[in-house]
$ cat entry19.txt   # compact mmCIF, C-alpha atoms
# COMPACT_ATOMS: atom_id res chain seq x y z
CA SER K 1 152.85 -85.68 154.34
CA HIS K 2 153.17 -88.34 156.99
CA PHE K 3 152.16 -88.66 160.62
CA ILE K 4 153.81 -91.03 163.06
CA LEU K 5 152.36 -91.91 166.46
CA ALA K 6 154.37 -93.49 169.23
CA ALA K 7 151.93 -93.39 172.11
CA GLY K 8 153.56 -94.34 175.37
CA ILE K 9 151.49 -92.01 177.53
CA THR K 10 149.34 -90.40 176.50
CA LEU K 11 140.97 -74.28 180.05
CA LEU K 12 142.94 -71.95 178.42
CA LEU K 13 139.98 -69.52 178.64
CA ALA K 14 140.49 -66.54 180.90
CA ALA K 15 144.23 -67.10 180.76
CA SER K 16 144.25 -66.36 177.05
CA LEU K 17 142.58 -63.01 177.55
CA ILE K 18 144.99 -62.07 180.32
CA VAL K 19 147.97 -62.85 178.12
CA GLY K 20 146.51 -60.73 175.36
CA ILE K 21 145.89 -57.77 177.63
CA VAL K 22 149.42 -57.93 179.04
CA PHE K 23 150.79 -58.06 175.51
CA VAL K 24 148.85 -54.94 174.52
CA ALA K 25 149.92 -53.08 177.65
CA LYS K 26 153.56 -53.74 176.91
CA GLU K 27 153.16 -52.74 173.30
CA HIS K 28 151.62 -49.43 174.36
CA GLY K 29 154.60 -48.46 176.44
CA SER K 30 154.05 -49.50 180.06
CA SER K 31 157.17 -51.68 179.84
CA GLU K 32 159.59 -52.94 177.24
CA PRO K 33 158.48 -55.96 175.19
CA SER K 34 160.54 -59.11 175.47
CA GLU K 35 163.53 -59.47 173.19
CA ASP K 36 162.80 -60.74 169.69
CA VAL K 37 164.61 -64.07 169.38
CA SER K 38 163.56 -64.81 165.81
CA ALA K 39 166.26 -65.45 163.22
CA VAL K 40 166.62 -66.16 159.51
CA PHE K 41 168.65 -69.12 158.23
CA LYS K 42 169.70 -69.77 154.66
CA ASN K 43 169.61 -73.56 154.39
CA ALA K 44 168.03 -75.23 157.42
CA ALA K 45 166.88 -74.64 160.99
CA VAL K 46 166.28 -76.48 164.26
CA ALA K 47 164.17 -75.04 167.10
CA ALA K 48 164.14 -77.08 170.32
CA ASP K 49 163.47 -76.33 173.98
CA SER K 50 167.15 -75.61 174.61
CA THR K 51 170.03 -74.05 172.68
CA LEU K 52 172.19 -77.05 173.52
CA CYS K 53 169.81 -79.51 171.85
CA SER K 54 169.19 -77.20 168.88
CA GLU K 55 172.96 -77.33 168.32
CA VAL K 56 172.80 -81.14 168.37
CA GLY K 57 170.18 -81.07 165.61
CA LYS K 58 172.16 -78.52 163.62
CA ASN K 59 175.28 -80.68 163.76
CA ILE K 60 173.33 -83.70 162.51
CA LEU K 61 172.17 -81.63 159.52
CA LEU K 62 175.75 -80.47 158.89
CA LYS K 63 176.83 -84.13 158.82
CA GLY K 64 174.43 -84.69 155.93
CA GLY K 65 171.45 -85.89 157.92
CA ASN K 66 167.91 -84.91 157.04
CA ALA K 67 165.10 -83.42 159.14
CA VAL K 68 164.08 -86.80 160.60
CA ASP K 69 167.66 -87.62 161.62
CA ALA K 70 168.04 -84.21 163.26
CA ALA K 71 164.69 -84.54 165.04
CA ILE K 72 165.58 -87.93 166.58
CA ALA K 73 169.02 -86.77 167.74
CA THR K 74 167.50 -83.58 169.18
CA LEU K 75 164.77 -85.55 170.97
CA LEU K 76 167.39 -87.79 172.56
CA CYS K 77 169.21 -84.66 173.76
CA SER K 78 165.96 -83.14 175.06
CA GLY K 79 165.47 -86.28 177.13
CA LEU K 80 168.45 -85.01 179.13
CA THR K 81 167.80 -81.27 179.31
CA SER K 82 164.00 -81.59 179.61
CA ALA K 83 163.96 -84.78 181.66
CA GLN K 84 160.94 -83.50 183.59
CA SER K 85 158.86 -83.48 180.41
CA MET K 86 160.02 -86.16 177.98
CA GLY K 87 162.43 -89.03 177.39
CA ILE K 88 162.76 -92.52 175.96
CA GLY K 89 160.12 -93.80 178.41
CA GLY K 90 157.50 -91.46 176.95
CA GLY K 91 155.72 -91.12 173.64
CA PHE K 92 155.36 -88.57 170.87
CA PHE K 93 153.47 -87.32 167.85
CA MET K 94 155.49 -86.48 164.76
CA THR K 95 154.26 -84.77 161.61
CA ILE K 96 156.64 -85.22 158.65
CA TYR K 97 156.36 -83.25 155.42
CA ASN K 98 158.39 -84.27 152.27
CA ASN K 99 159.28 -81.85 149.64
CA ILE K 100 150.83 -94.89 181.06
CA GLY K 101 150.91 -96.99 178.45
CA VAL K 102 153.81 -98.90 177.00
CA PRO K 103 156.72 -96.51 176.33
CA GLY K 104 156.55 -95.78 172.60
CA GLU K 105 159.36 -93.27 172.13
CA ILE K 106 162.11 -95.61 170.89
CA LYS K 107 159.77 -97.66 168.66
CA GLY K 108 158.57 -94.43 167.08
CA TYR K 109 162.12 -93.17 166.52
CA TRP K 110 162.94 -96.50 164.86
CA LEU K 111 159.92 -96.38 162.54
CA ALA K 112 160.63 -92.78 161.51
CA HIS K 113 164.31 -93.49 160.93
CA GLN K 114 163.77 -96.72 158.99
CA LYS K 115 161.31 -95.05 156.61
CA TYR K 116 162.71 -91.54 156.32
CA GLY K 117 166.15 -91.20 157.95
CA SER K 118 169.40 -90.95 156.02
CA LEU K 119 172.27 -91.12 158.53
CA PRO K 120 173.18 -94.35 160.38
CA TRP K 121 171.02 -94.99 163.47
CA LYS K 122 174.13 -94.94 165.71
CA ASP K 123 175.06 -91.42 164.66
CA LEU K 124 171.81 -90.03 166.06
CA PHE K 125 172.56 -91.39 169.54
CA GLU K 126 176.17 -90.24 169.77
CA PRO K 127 175.49 -86.64 170.96
CA ALA K 128 173.09 -87.73 173.74
CA ILE K 129 175.42 -90.54 174.85
CA ASN K 130 178.37 -88.13 175.05
CA MET K 131 176.29 -85.61 177.00
CA SER K 132 175.13 -88.33 179.41
CA GLN K 133 178.70 -89.44 180.07
CA GLN K 134 180.50 -86.10 180.09
CA GLY K 135 177.76 -84.01 181.68
CA PHE K 136 175.67 -81.03 180.65
CA PRO K 137 174.61 -77.80 182.41
CA VAL K 138 171.20 -78.07 184.07
CA PRO K 139 168.84 -75.65 182.28
CA LYS K 140 166.49 -73.35 184.18
CA SER K 141 163.38 -75.27 183.08
CA LEU K 142 164.67 -78.55 184.56
CA HIS K 143 165.78 -76.86 187.79
CA ASP K 144 162.40 -75.13 188.18
CA ALA K 145 160.58 -78.44 187.66
CA LEU K 146 162.83 -80.17 190.21
CA LEU K 147 162.20 -77.38 192.71
CA SER K 148 158.45 -77.55 192.16
CA ASP K 149 158.39 -81.35 192.62
CA GLU K 150 161.21 -81.57 195.17
CA LYS K 151 159.18 -83.64 197.65
CA THR K 152 158.33 -86.23 194.98
CA VAL K 153 161.93 -86.38 193.76
CA LEU K 154 163.35 -86.88 197.25
CA GLU K 155 160.80 -89.55 198.19
CA GLU K 156 161.16 -91.65 195.02
CA PRO K 157 164.53 -93.49 195.08
CA SER K 158 164.85 -93.77 191.29
CA LEU K 159 164.31 -90.01 190.85
CA LYS K 160 166.53 -89.12 193.80
CA ALA K 161 169.40 -91.15 192.34
CA VAL K 162 169.27 -89.10 189.14
CA PHE K 163 168.26 -85.60 190.18
CA VAL K 164 170.04 -85.05 193.51
CA ASN K 165 173.58 -83.74 193.10
CA PRO K 166 175.86 -86.20 194.96
CA LYS K 167 178.36 -83.38 195.61
CA THR K 168 175.85 -81.18 197.44
CA GLY K 169 173.13 -83.54 198.60
CA TYR K 170 170.49 -81.23 197.14
CA ILE K 171 168.53 -81.29 193.89
CA PHE K 172 170.53 -80.08 190.93
CA LYS K 173 170.54 -76.31 190.51
CA GLU K 174 170.59 -74.33 187.28
CA GLY K 175 174.08 -74.33 185.76
CA GLU K 176 175.39 -77.33 187.72
CA THR K 177 176.77 -80.21 185.67
CA MET K 178 174.58 -83.31 185.58
CA THR K 179 175.67 -86.70 184.24
CA ARG K 180 173.42 -89.66 183.39
CA PRO K 181 175.81 -92.64 183.22
CA GLN K 182 173.09 -95.30 183.50
CA LEU K 183 171.08 -93.67 180.71
CA ALA K 184 174.26 -93.55 178.61
CA VAL K 185 174.55 -97.34 178.91
CA THR K 186 170.88 -97.75 177.92
CA LEU K 187 171.24 -95.46 174.91
CA LYS K 188 174.41 -97.28 173.81
CA ILE K 189 172.59 -100.64 173.87
CA ILE K 190 169.71 -99.22 171.79
CA SER K 191 172.21 -97.53 169.47
CA ASP K 192 173.99 -100.84 168.85
CA ASN K 193 170.95 -103.13 168.68
CA GLY K 194 168.01 -101.06 167.46
CA SER K 195 164.59 -100.63 169.06
CA ASP K 196 164.13 -104.36 169.77
CA ALA K 197 166.70 -104.07 172.57
CA PHE K 198 164.22 -101.92 174.49
CA TYR K 199 161.11 -104.04 173.94
CA SER K 200 162.29 -107.64 173.83
CA GLY K 201 166.07 -107.62 174.18
CA SER K 202 168.56 -107.16 176.98
CA LEU K 203 166.90 -104.03 178.39
CA ALA K 204 163.41 -105.49 178.71
CA ASP K 205 164.05 -107.33 182.01
CA SER K 206 165.40 -104.19 183.69
CA ILE K 207 162.52 -102.08 182.39
CA LEU K 208 159.91 -104.57 183.59
CA GLN K 209 161.55 -104.78 187.03
CA ASP K 210 161.55 -100.99 187.36
CA LEU K 211 157.91 -100.85 186.30
CA LYS K 212 156.95 -103.61 188.75
CA GLU K 213 158.58 -101.73 191.64
CA ILE K 214 156.30 -98.73 191.07
CA GLY K 215 153.16 -100.85 190.75
CA SER K 216 152.82 -101.01 186.96
CA ILE K 217 150.75 -103.82 185.41
CA ILE K 218 152.71 -103.77 182.12
CA THR K 219 153.87 -107.28 181.18
CA ARG K 220 156.60 -108.68 178.96
CA LEU K 221 153.93 -109.43 176.35
CA ASP K 222 152.84 -105.78 176.41
CA LEU K 223 156.37 -104.68 175.62
CA GLN K 224 156.92 -107.30 172.93
CA ASN K 225 153.62 -106.55 171.18
CA TYR K 226 153.93 -102.77 171.22
CA GLU K 227 153.85 -101.12 167.80
CA ALA K 228 154.32 -97.59 166.57
CA TRP K 229 152.17 -96.76 163.57
CA GLU K 230 151.90 -94.32 160.72
CA LYS K 231 148.64 -92.63 159.71
CA LYS K 232 147.55 -90.17 157.09
CA PRO K 233 147.51 -86.68 158.64
CA LEU K 234 144.58 -84.27 158.67
CA GLU K 235 144.73 -81.53 156.04
CA ILE K 236 142.72 -78.32 155.67
CA VAL K 237 143.21 -75.35 153.35
CA LEU K 238 143.16 -71.86 154.85
CA ASN K 239 142.90 -68.42 153.28
CA GLY K 240 145.55 -67.79 150.66
CA GLY K 241 145.73 -71.49 149.84
CA ILE K 242 147.98 -72.33 152.80
CA LYS K 243 147.55 -75.97 153.82
CA LEU K 244 147.63 -77.06 157.47
CA VAL K 245 148.96 -80.59 158.02
CA SER K 246 148.36 -81.93 161.54
CA PRO K 247 148.03 -85.26 163.41
CA PRO K 248 144.70 -87.16 163.60
CA PRO K 249 143.17 -88.46 166.86
CA PRO K 250 144.09 -89.21 169.52
CA ALA K 251 146.20 -86.06 169.02
CA SER K 252 144.51 -82.66 168.80
CA GLY K 253 145.15 -81.78 165.16
CA ALA K 254 141.38 -81.68 164.57
CA VAL K 255 140.98 -79.15 167.40
CA LEU K 256 143.74 -76.97 165.95
CA SER K 257 142.08 -77.20 162.51
CA PHE K 258 138.74 -76.20 164.05
CA ILE K 259 140.21 -73.11 165.74
CA LEU K 260 141.96 -71.94 162.59
CA ASN K 261 138.87 -72.56 160.43
CA ILE K 262 136.77 -70.44 162.81
CA LEU K 263 139.33 -67.61 162.87
CA ASP K 264 139.94 -67.86 159.12
CA GLY K 265 136.43 -66.52 158.55
CA TYR K 266 137.28 -63.24 160.27
CA ASN K 267 139.98 -62.48 157.67
CA PHE K 268 142.19 -60.80 160.26
CA THR K 269 144.66 -58.16 159.04
CA ALA K 270 147.17 -55.84 160.72
CA GLY K 271 144.35 -53.32 160.97
CA ASP K 272 142.62 -55.51 163.54
CA LEU K 273 145.36 -54.58 166.03
CA GLU K 274 145.64 -50.86 165.21
CA THR K 275 143.55 -49.53 168.12
CA ASP K 276 142.72 -50.74 171.60
CA THR K 277 139.10 -51.28 170.57
CA PHE K 278 140.00 -53.35 167.51
CA THR K 279 142.64 -55.30 169.45
CA THR K 280 140.25 -56.13 172.29
CA LEU K 281 137.64 -57.39 169.81
CA THR K 282 140.23 -59.47 167.95
CA TYR K 283 141.50 -61.12 171.12
CA HIS K 284 137.93 -61.67 172.32
CA ARG K 285 137.07 -63.53 169.12
CA ILE K 286 140.20 -65.66 169.38
CA VAL K 287 139.49 -66.60 173.00
CA GLU K 288 135.87 -67.45 172.18
CA ALA K 289 137.07 -69.73 169.36
CA PHE K 290 139.38 -71.41 171.89
CA LYS K 291 136.41 -72.03 174.21
CA PHE K 292 134.28 -73.69 171.54
CA ALA K 293 137.22 -75.80 170.36
CA TYR K 294 138.19 -76.99 173.83
CA ALA K 295 134.58 -77.89 174.54
CA LYS K 296 134.61 -80.17 171.46
CA ARG K 297 137.97 -81.59 172.51
CA THR K 298 136.28 -83.24 175.49
CA ASP K 299 134.49 -85.54 173.01
CA LEU K 300 137.65 -86.42 171.09
CA GLY K 301 139.22 -89.79 171.87
CA ASP K 302 141.31 -92.59 170.41
CA GLU K 303 139.93 -93.86 167.10
CA LYS K 304 140.79 -97.40 168.18
CA PHE K 305 138.27 -97.23 171.02
CA GLU K 306 135.79 -94.48 170.13
CA ASN K 307 133.94 -93.59 166.94
CA VAL K 308 135.07 -90.03 166.34
CA THR K 309 134.79 -90.02 162.54
CA GLU K 310 131.84 -87.61 162.40
CA LEU K 311 133.37 -85.33 165.03
CA VAL K 312 136.66 -85.10 163.12
CA ARG K 313 134.73 -84.46 159.90
CA ASN K 314 132.93 -81.56 161.60
CA LEU K 315 136.04 -80.13 163.22
CA THR K 316 137.83 -80.00 159.87
CA SER K 317 134.82 -78.62 157.96
CA LYS K 318 134.62 -74.99 156.81
CA ALA K 319 130.82 -75.08 156.98
CA TYR K 320 130.80 -76.32 160.57
CA ALA K 321 133.30 -73.63 161.57
CA ASP K 322 131.08 -71.03 159.89
CA SER K 323 128.09 -72.18 161.95
CA ILE K 324 130.03 -71.99 165.21
CA ARG K 325 131.37 -68.54 164.33
CA THR K 326 127.79 -67.23 164.30
CA LEU K 327 127.53 -68.23 167.97
CA ILE K 328 130.42 -65.96 168.98
CA THR K 329 128.97 -62.80 170.52
CA ASP K 330 131.23 -59.79 169.99
CA ASN K 331 130.05 -57.92 173.09
CA ALA K 332 129.65 -60.72 175.62
CA THR K 333 130.96 -64.01 176.98
CA HIS K 334 128.84 -66.87 178.31
CA GLY K 335 128.73 -69.56 180.96
CA TYR K 336 130.69 -72.73 180.26
CA GLU K 337 127.56 -74.69 179.29
CA TYR K 338 127.04 -72.35 176.30
CA TYR K 339 130.14 -73.79 174.62
CA GLY K 340 128.97 -77.39 175.04
CA PRO K 341 131.70 -79.27 176.93
CA THR K 342 130.97 -82.87 177.86
CA PHE K 343 133.14 -82.73 180.99
CA TYR K 344 135.89 -80.67 182.63
CA ASP K 345 139.50 -81.63 181.91
CA ARG K 346 142.09 -80.59 184.46
CA ASP K 347 145.19 -78.57 183.58
CA THR K 348 148.25 -80.58 182.58
CA THR K 349 151.99 -80.02 182.05
CA GLY K 350 154.98 -81.98 180.86
CA THR K 351 155.82 -81.84 177.16
CA SER K 352 158.67 -80.85 174.87
CA HIS K 353 158.40 -79.64 171.27
CA LEU K 354 160.87 -79.20 168.44
CA SER K 355 160.72 -78.16 164.80
CA VAL K 356 163.24 -79.00 162.07
CA VAL K 357 163.55 -78.10 158.39
CA ASP K 358 166.49 -79.41 156.35
CA GLN K 359 168.33 -78.29 153.24
CA GLN K 360 165.98 -80.25 150.98
CA GLY K 361 162.87 -78.56 152.38
CA ASN K 362 161.78 -81.60 154.41
CA ALA K 363 160.07 -80.59 157.65
CA VAL K 364 159.47 -82.34 160.96
CA SER K 365 157.23 -81.07 163.76
CA VAL K 366 157.29 -83.29 166.85
CA THR K 367 155.90 -83.02 170.37
CA SER K 368 157.02 -85.55 172.98
CA THR K 369 155.80 -86.20 176.50
CA ILE K 370 155.97 -88.41 179.56
CA ASN K 371 152.42 -87.26 180.35
CA GLY K 372 153.27 -84.94 183.25
CA ARG K 373 156.29 -83.72 185.17
CA PHE K 374 158.42 -86.76 186.10
CA GLU K 375 155.57 -89.18 185.41
CA ASN K 376 154.16 -91.56 182.82
CA LYS K 377 150.83 -92.66 184.22
CA CYS K 378 147.24 -92.91 183.01
CA LEU K 379 146.37 -91.98 179.44
CA ARG K 380 144.74 -88.57 179.09
CA ARG K 381 143.04 -86.88 176.17
CA ILE K 382 145.97 -85.67 174.16
CA LEU K 383 146.56 -82.00 173.35
CA MET K 384 149.73 -82.38 171.28
CA CYS K 385 149.31 -81.12 167.72
CA PRO K 386 152.66 -80.76 165.92
CA ALA K 387 151.80 -79.18 162.57
CA VAL K 388 153.27 -77.99 159.28
CA LEU K 389 151.86 -75.14 157.19
CA VAL K 390 152.56 -75.49 153.47
CA ASN K 391 152.40 -72.81 150.76
CA THR K 392 150.54 -73.29 147.48
CA ASP K 393 153.85 -74.02 145.70
CA GLY K 394 154.60 -76.88 148.11
CA SER K 395 157.26 -75.06 150.12
CA VAL K 396 157.13 -75.03 153.91
CA ASN K 397 155.57 -71.89 155.35
CA MET K 398 155.80 -72.72 159.05
CA ILE K 399 156.59 -75.62 161.38
CA VAL K 400 154.65 -75.14 164.59
CA GLY K 401 153.80 -76.84 167.86
CA ALA K 402 154.14 -76.22 171.57
CA ALA K 403 154.94 -77.57 175.01
CA GLY K 404 152.74 -76.73 177.95
CA GLY K 405 150.12 -79.39 178.65
CA SER K 406 146.55 -78.15 178.31
CA LYS K 407 147.70 -74.90 176.69
CA ILE K 408 149.42 -76.66 173.76
CA THR K 409 146.63 -76.48 171.19
CA THR K 410 145.67 -72.87 171.89
CA ALA K 411 149.33 -71.77 171.93
CA THR K 412 149.89 -73.49 168.58
CA ALA K 413 146.79 -71.81 167.14
CA TRP K 414 147.91 -68.43 168.51
CA VAL K 415 151.31 -68.68 166.79
CA SER K 416 149.69 -69.93 163.56
CA VAL K 417 147.32 -66.95 163.45

$ encode --input "entry19.txt" --output "structure tokens"
Amino acid sequence: SHFILAAGITLLLAASLIVGIVFVAKEHGSSEPSEDVSAVFKNAAVAADSTLCSEVGKNILLKGGNAVDAAIATLLCSGLTSAQSMGIGGGFFMTIYNNIGVPGEIKGYWLAHQKYGSLPWKDLFEPAINMSQQGFPVPKSLHDALLSDEKTVLEEPSLKAVFVNPKTGYIFKEGETMTRPQLAVTLKIISDNGSDAFYSGSLADSILQDLKEIGSIITRLDLQNYEAWEKKPLEIVLNGGIKLVSPPPPASGAVLSFILNILDGYNFTAGDLETDTFTTLTYHRIVEAFKFAYAKRTDLGDEKFENVTELVRNLTSKAYADSIRTLITDNATHGYEYYGPTFYDRDTTGTSHLSVVDQQGNAVSVTSTINGRFENKCLRRILMCPAVLVNTDGSVNMIVGAAGGSKITTATAWVSV
């Protein structure tokens, strides 16, 4: 297992309970549940934020690429279709399983590809370059983000030049064809010259000028000295021998591990959702685990600047999870101070997640961000926790992660449970 960090950026409490109640109401007949979009694939699979980019990843696999190749090509595509959330000016966390800061995206792609990729670097850029030149239909998620931040887009010249349709004079609407010719040129240069083109080569001057115009203090030396790095991931073993592999700090893999360790002690079964009473208790316990975990998350920081060794040890410990579980009251909730947060962390948005498994059983879980919608500003405590669940025989059980800002870790835990 490997974990790659390319950091260029970087309470779901009552909301969790509301979601659970709505889910139960639908299941009990008040309205039809949403369509099941799950599918079974024989050899490999790619799950991205858009069908278009999932197809890009699939085609890379069909060309003989592996999970890392497919992930990079899909991320480059997602930089077009989810431009409000991620792109080559952002950063990401990637968990690989083998059977404002300085933009770290490209350096991270390069590190992952050099160590684990199989297709030529250029091949991974070709789909995104073609889409940038020929155009692609604007997805609903991008249109909604543009509509929500329309004032910002129209007032910032660099955003307006990209996201206002020159044919209509308005922000791009869902289904309209968007091209990104300038990005195509940038991607072609990186495709031909590798990651150095971005950090110290022909693109560096343009990047620094753009950053200067928006008040950034990033210097040429910052770009030249930037490094992506690889760390050993966190690993815990859950009931049934299933192993959770997740990223260490500053990502939130430890928080995800803590939630699942707490819930593991309840030994949930299908019977826990058989009646309204059982279901309510089950959801209550899950939400309470979320509260304790998010309180601890406020103490979690970057290992380079804060000593979080003991905290991570606790958050990945079965015994510590057992002790916290005893504090969960089945018939009551408590004030926020009961859960022990150090400070309040505001809600955030602006991420994109994808999962890939290839024909050889290699798996990649990666979450990428520009730190907020259409922004890459101050570093925040990171919620991204792309994870892989592995069976006792070494096969991949699940590749999981989420987009959604401050709801990422709890959403990932919810799916894992």

$ residues_around --input "entry19.txt" --residues "Ser257 (chain K)" --least-positions-apart "5" --cutoff "12 Å" --atoms "all atoms listed in the file" --output "ChimeraX atom specification"
/K:233-238,243-248,251-252,262-264,289-290,293-294,297,312-318,320-321,385-389,409-410,412-413,416-417

$ write_last_selection --input "entry19.txt" --atoms "C-alpha atoms" --output "short mmCIF file (atom, residue, chain, number, x, y, z; two decimals), keeping the file's coordinate frame"
data_model
loop_
_atom_site.label_atom_id
_atom_site.label_comp_id
_atom_site.auth_asym_id
_atom_site.auth_seq_id
_atom_site.Cartn_x
_atom_site.Cartn_y
_atom_site.Cartn_z
CA PRO K 233 147.51 -86.68 158.64
CA LEU K 234 144.58 -84.27 158.67
CA GLU K 235 144.73 -81.53 156.04
CA ILE K 236 142.72 -78.32 155.67
CA VAL K 237 143.21 -75.35 153.35
CA LEU K 238 143.16 -71.86 154.85
CA LYS K 243 147.55 -75.97 153.82
CA LEU K 244 147.63 -77.06 157.47
CA VAL K 245 148.96 -80.59 158.02
CA SER K 246 148.36 -81.93 161.54
CA PRO K 247 148.03 -85.26 163.41
CA PRO K 248 144.70 -87.16 163.60
CA ALA K 251 146.20 -86.06 169.02
CA SER K 252 144.51 -82.66 168.80
CA ILE K 262 136.77 -70.44 162.81
CA LEU K 263 139.33 -67.61 162.87
CA ASP K 264 139.94 -67.86 159.12
CA ALA K 289 137.07 -69.73 169.36
CA PHE K 290 139.38 -71.41 171.89
CA ALA K 293 137.22 -75.80 170.36
CA TYR K 294 138.19 -76.99 173.83
CA ARG K 297 137.97 -81.59 172.51
CA VAL K 312 136.66 -85.10 163.12
CA ARG K 313 134.73 -84.46 159.90
CA ASN K 314 132.93 -81.56 161.60
CA LEU K 315 136.04 -80.13 163.22
CA THR K 316 137.83 -80.00 159.87
CA SER K 317 134.82 -78.62 157.96
CA LYS K 318 134.62 -74.99 156.81
CA TYR K 320 130.80 -76.32 160.57
CA ALA K 321 133.30 -73.63 161.57
CA CYS K 385 149.31 -81.12 167.72
CA PRO K 386 152.66 -80.76 165.92
CA ALA K 387 151.80 -79.18 162.57
CA VAL K 388 153.27 -77.99 159.28
CA LEU K 389 151.86 -75.14 157.19
CA THR K 409 146.63 -76.48 171.19
CA THR K 410 145.67 -72.87 171.89
CA THR K 412 149.89 -73.49 168.58
CA ALA K 413 146.79 -71.81 167.14
CA SER K 416 149.69 -69.93 163.56
CA VAL K 417 147.32 -66.95 163.45
#

$ closest_residue --input "entry19.txt" --among "K:Gly194, K:Pro157, K:Pro181, K:Gly57" --to "Lys107 (chain K)" --atoms "only C-alpha atoms"
K:Gly194

$ atom_distance --input "entry19.txt" --atom1 "CA of Ile88 (chain K)" --atom2 "CA of Ile217 (chain K)"
19.0 Å

$ atom_distance --input "entry19.txt" --atom1 "CA of Tyr109 (chain K)" --atom2 "CA of Ala73 (chain K)"
9.5 Å

$ residues_around --input "entry19.txt" --residues "Ser368 (chain K)" --least-positions-apart "4" --cutoff "6 Å" --atoms "only C-alpha atoms" --output "list in words"
Met86, Gly91, Phe92, Thr351 and Ser352 of chain K

$ atom_distance --input "entry19.txt" --atom1 "CA of Met398 (chain K)" --atom2 "CA of Gly117 (chain K)"
21.2 Å

$ closest_atom_pairs --input "entry19.txt" --of "region 109-184 of chain K" --to "region 227-232 of chain K" --cutoff "9 Å" --atoms "all atoms listed in the file" --output "Markdown table"
| residue | atom | partner | partner_atom | distance |
| --- | --- | --- | --- | --- |
| K:Tyr109 | CA | K:Ala228 | CA | 9.0 |
| K:Trp110 | CA | K:Ala228 | CA | 8.9 |
| K:Leu111 | CA | K:Ala228 | CA | 7.0 |
| K:Ala112 | CA | K:Glu230 | CA | 8.9 |

$ residues_around --input "entry19.txt" --residues "region 390-392 of chain K" --least-positions-apart "3" --cutoff "7 Å" --atoms "only C-alpha atoms" --output "PyMOL selection string"
chain K and resi 241-244+395-397

$ residues_around --input "entry19.txt" --residues "Ala67 (chain K)" --least-positions-apart "2" --cutoff "7 Å" --atoms "all atoms listed in the file" --output "list in words"
Gly65, Asp69, Ala70, Ala71, Val356, Val357, Asp358, Asn362, Ala363 and Val364 of chain K

$ write_last_selection --input "entry19.txt" --atoms "C-alpha atoms" --output "compact mmCIF listing (two decimals), keeping the file's coordinate frame"
# COMPACT_ATOMS: atom_id res chain seq x y z
CA GLY K 65 171.45 -85.89 157.92
CA ASP K 69 167.66 -87.62 161.62
CA ALA K 70 168.04 -84.21 163.26
CA ALA K 71 164.69 -84.54 165.04
CA VAL K 356 163.24 -79.00 162.07
CA VAL K 357 163.55 -78.10 158.39
CA ASP K 358 166.49 -79.41 156.35
CA ASN K 362 161.78 -81.60 154.41
CA ALA K 363 160.07 -80.59 157.65
CA VAL K 364 159.47 -82.34 160.96

$ residues_around --input "entry19.txt" --residues "region 265-272 of chain K" --least-positions-apart "3" --cutoff "8 Å" --atoms "all atoms listed in the file" --output "list of chain:residue names"
K:Asn239, K:Asn261, K:Ile262, K:Thr275, K:Phe278, K:Thr279, K:Thr282, K:Asp322, K:Arg325

$ closest_residue --input "entry19.txt" --among "K:Leu223, K:Leu80, K:Leu62, K:Leu311" --to "Thr179 (chain K)" --atoms "only C-alpha atoms"
K:Leu80

$ closest_residue --input "entry19.txt" --among "K:Ala184, K:Leu281, K:Leu203, K:Val400" --to "Ile129 (chain K)" --atoms "all atoms listed in the file"
K:Ala184

$ decode --input "entry19.txt" --residues "region 107-115 of chain K" --atoms "N, CA and C atoms" --output "PDB file, in the first residue's frame"
ATOM      1  N   LYS K 107       2.946  17.843  -9.858  1.00  0.00           N
ATOM      2  CA  LYS K 107       4.095  17.163  -9.241  1.00  0.00           C
ATOM      3  C   LYS K 107       3.672  15.812  -8.672  1.00  0.00           C
ATOM      4  N   GLY K 108       2.472  15.771  -8.101  1.00  0.00           N
ATOM      5  CA  GLY K 108       1.959  14.512  -7.563  1.00  0.00           C
ATOM      6  C   GLY K 108       1.645  13.505  -8.654  1.00  0.00           C
ATOM      7  N   TYR K 109       1.034  13.978  -9.753  1.00  0.00           N
ATOM      8  CA  TYR K 109       0.783  13.083 -10.889  1.00  0.00           C
ATOM      9  C   TYR K 109       2.103  12.472 -11.363  1.00  0.00           C
ATOM     10  N   TRP K 110       3.120  13.335 -11.465  1.00  0.00           N
ATOM     11  CA  TRP K 110       4.427  12.895 -11.984  1.00  0.00           C
ATOM     12  C   TRP K 110       5.039  11.830 -11.083  1.00  0.00           C
ATOM     13  N   LEU K 111       5.006  12.069  -9.769  1.00  0.00           N
ATOM     14  CA  LEU K 111       5.554  11.092  -8.828  1.00  0.00           C
ATOM     15  C   LEU K 111       4.820   9.759  -8.928  1.00  0.00           C
ATOM     16  N   ALA K 112       3.488   9.810  -8.948  1.00  0.00           N
ATOM     17  CA  ALA K 112       2.702   8.579  -9.027  1.00  0.00           C
ATOM     18  C   ALA K 112       2.981   7.836 -10.327  1.00  0.00           C
ATOM     19  N   HIS K 113       3.076   8.583 -11.426  1.00  0.00           N
ATOM     20  CA  HIS K 113       3.302   7.937 -12.719  1.00  0.00           C
ATOM     21  C   HIS K 113       4.702   7.350 -12.826  1.00  0.00           C
ATOM     22  N   GLN K 114       5.706   8.097 -12.352  1.00  0.00           N
ATOM     23  CA  GLN K 114       7.080   7.606 -12.443  1.00  0.00           C
ATOM     24  C   GLN K 114       7.279   6.326 -11.642  1.00  0.00           C
ATOM     25  N   LYS K 115       6.602   6.209 -10.510  1.00  0.00           N
ATOM     26  CA  LYS K 115       6.788   5.040  -9.647  1.00  0.00           C
ATOM     27  C   LYS K 115       5.860   3.889  -9.995  1.00  0.00           C
TER      28      LYS K 115
END
